[in-house]
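Working notes for the structure below.
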Amino acid sequence: MKRILCISGDAASGKTTAARRVAARLPGWRIVSTGARFRELCAELGLDPQQISHLGDDLHRAADERMAEELAREQHLIAEARLVGYLARDLPDALRVFCACPLEVRAARFREREPEFSEEEALARVSERDRADTDNLRHLYGIDYHDARYYHLVLDTSVLSPDEVADRILEAMREA
């Protein structure tokens with residue numbers, strides 16, 4: 001079994017749900033989320049989490065470096081963030097998964113969490129977040145985190161239930 005699990009994907013693609021479902025089946029494994037860390041920082045600074053991509057290059061690079069260090073040294077870690085597949089690309093004992101999901105489905109999921117937004121507003125916010133994150137990571141590292149070469153497994157979370165996603169990930173972790 002792999003030592004580290006990295007789950008990447010766009011906003012509302014099912015990264016966190018997948019991480020939680022897998023962790024529930026792997027006693028002793030813990031979840032770490034760069035997104036959660038950035039949301040906490042935004043709350044401390046009084047910023048809208050939509051502004052994460054605008055926090056500054058130094059802050060982003062420091063957070064990414066911290067995550068890369070954790071990936072390199074930790075055991076039984078489930079890391080979920082857009083960049084973790086890329087950060088773990090040279091770690092042979094990490095399984096890298098990308099949660100793919102159409103924008104419309106992700107916008108509907110966003111609305112479930114944030115019901116004050118209309119369907120149109122949710123679509124615009126998720127789309128803008130995708131664009132900002134993609135542009136920011138391209139700016140910082142010259143990469144597109146959607147690139148399939150960074151992943152061992154790509155799962156369409158719009159057609160799989162959360163338990164099916166977890167099943168596929170665990171199967172891949174055992175086979176690898």
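Going by the structure tokens order, chains are called A, B, ..., each with residues numbered from 1, while ligands are numbered from 1 in the order shown.
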
Next on the checklist: as a PyMOL selection string, please: the residues near Leu103 in chain A (cut-off 12 Å, only C-alpha atoms, same-chain neighbours under 5 positions excluded).
Outcome noted: chain A and resi 9-13+108-110+119-120+122-131+156-158

Item to check | helix (DSSP H, G or I) per DSSP on the backbone: members of range 35-126 of chain A, as a PyMOL selection string | outcome: chain A and resi 35-45+49-54+57-73+84-87+103-113+119-126

Checklist entry - Near His60 in chain A, within 10 Å and counting only C-alpha atoms, which residues show up once chain neighbours fewer than 3 positions away are dropped, as a PyMOL selection string? => result chain A and resi 34+38+52-57+63-66+136-137+140

Write a file of the just-selected residues containing N, CA and C atoms, as a short mmCIF file (atom, residue, chain, number, x, y, z; two decimals), in the first residue's frame.
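Final output, selection.cif:
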data_model
loop_
_atom_site.label_atom_id
_atom_site.label_comp_id
_atom_site.auth_asym_id
_atom_site.auth_seq_id
_atom_site.Cartn_x
_atom_site.Cartn_y
_atom_site.Cartn_z
N THR A 34 -4.43 21.97 1.93
CA THR A 34 -3.91 23.32 1.71
C THR A 34 -5.06 24.31 1.60
N PHE A 38 -5.56 27.72 3.70
CA PHE A 38 -5.74 29.05 3.09
C PHE A 38 -7.05 29.69 3.52
N ILE A 52 -8.20 33.67 -2.44
CA ILE A 52 -7.02 32.87 -2.12
C ILE A 52 -5.93 33.03 -3.16
N SER A 53 -6.30 33.01 -4.42
CA SER A 53 -5.29 33.08 -5.48
C SER A 53 -4.59 34.44 -5.52
N HIS A 54 -5.12 35.42 -4.79
CA HIS A 54 -4.54 36.77 -4.80
C HIS A 54 -3.75 37.09 -3.52
N LEU A 55 -3.42 36.08 -2.73
CA LEU A 55 -2.75 36.32 -1.45
C LEU A 55 -1.28 36.66 -1.58
N GLY A 56 -0.70 36.46 -2.72
CA GLY A 56 0.71 36.81 -2.91
C GLY A 56 1.58 35.59 -3.15
N ASP A 57 2.56 35.77 -4.01
CA ASP A 57 3.42 34.67 -4.42
C ASP A 57 4.19 34.06 -3.26
N ALA A 63 3.45 28.02 1.51
CA ALA A 63 2.46 26.98 1.82
C ALA A 63 2.72 25.73 0.99
N ASP A 64 3.06 25.90 -0.26
CA ASP A 64 3.33 24.76 -1.13
C ASP A 64 4.60 24.03 -0.69
N GLU A 65 5.59 24.77 -0.27
CA GLU A 65 6.83 24.16 0.22
C GLU A 65 6.56 23.35 1.49
N ARG A 66 5.73 23.91 2.35
CA ARG A 66 5.36 23.20 3.59
C ARG A 66 4.64 21.89 3.25
N ASN A 136 -2.98 31.22 -11.41
CA ASN A 136 -2.01 31.42 -10.34
C ASN A 136 -0.94 30.32 -10.35
N LEU A 137 -1.35 29.08 -10.50
CA LEU A 137 -0.38 27.99 -10.50
C LEU A 137 0.47 27.99 -11.77
N LEU A 140 2.98 30.72 -10.90
CA LEU A 140 3.94 30.34 -9.88
C LEU A 140 4.91 29.25 -10.34
#

Checklist entry - Neighbours of Ile31 in chain A within 12 Å (only C-alpha atoms; same-chain residues fewer than 2 positions away dropped), as a PyMOL selection string? => result chain A and resi 4-7+15-24+26-29+33-37+67+70-71+74-81
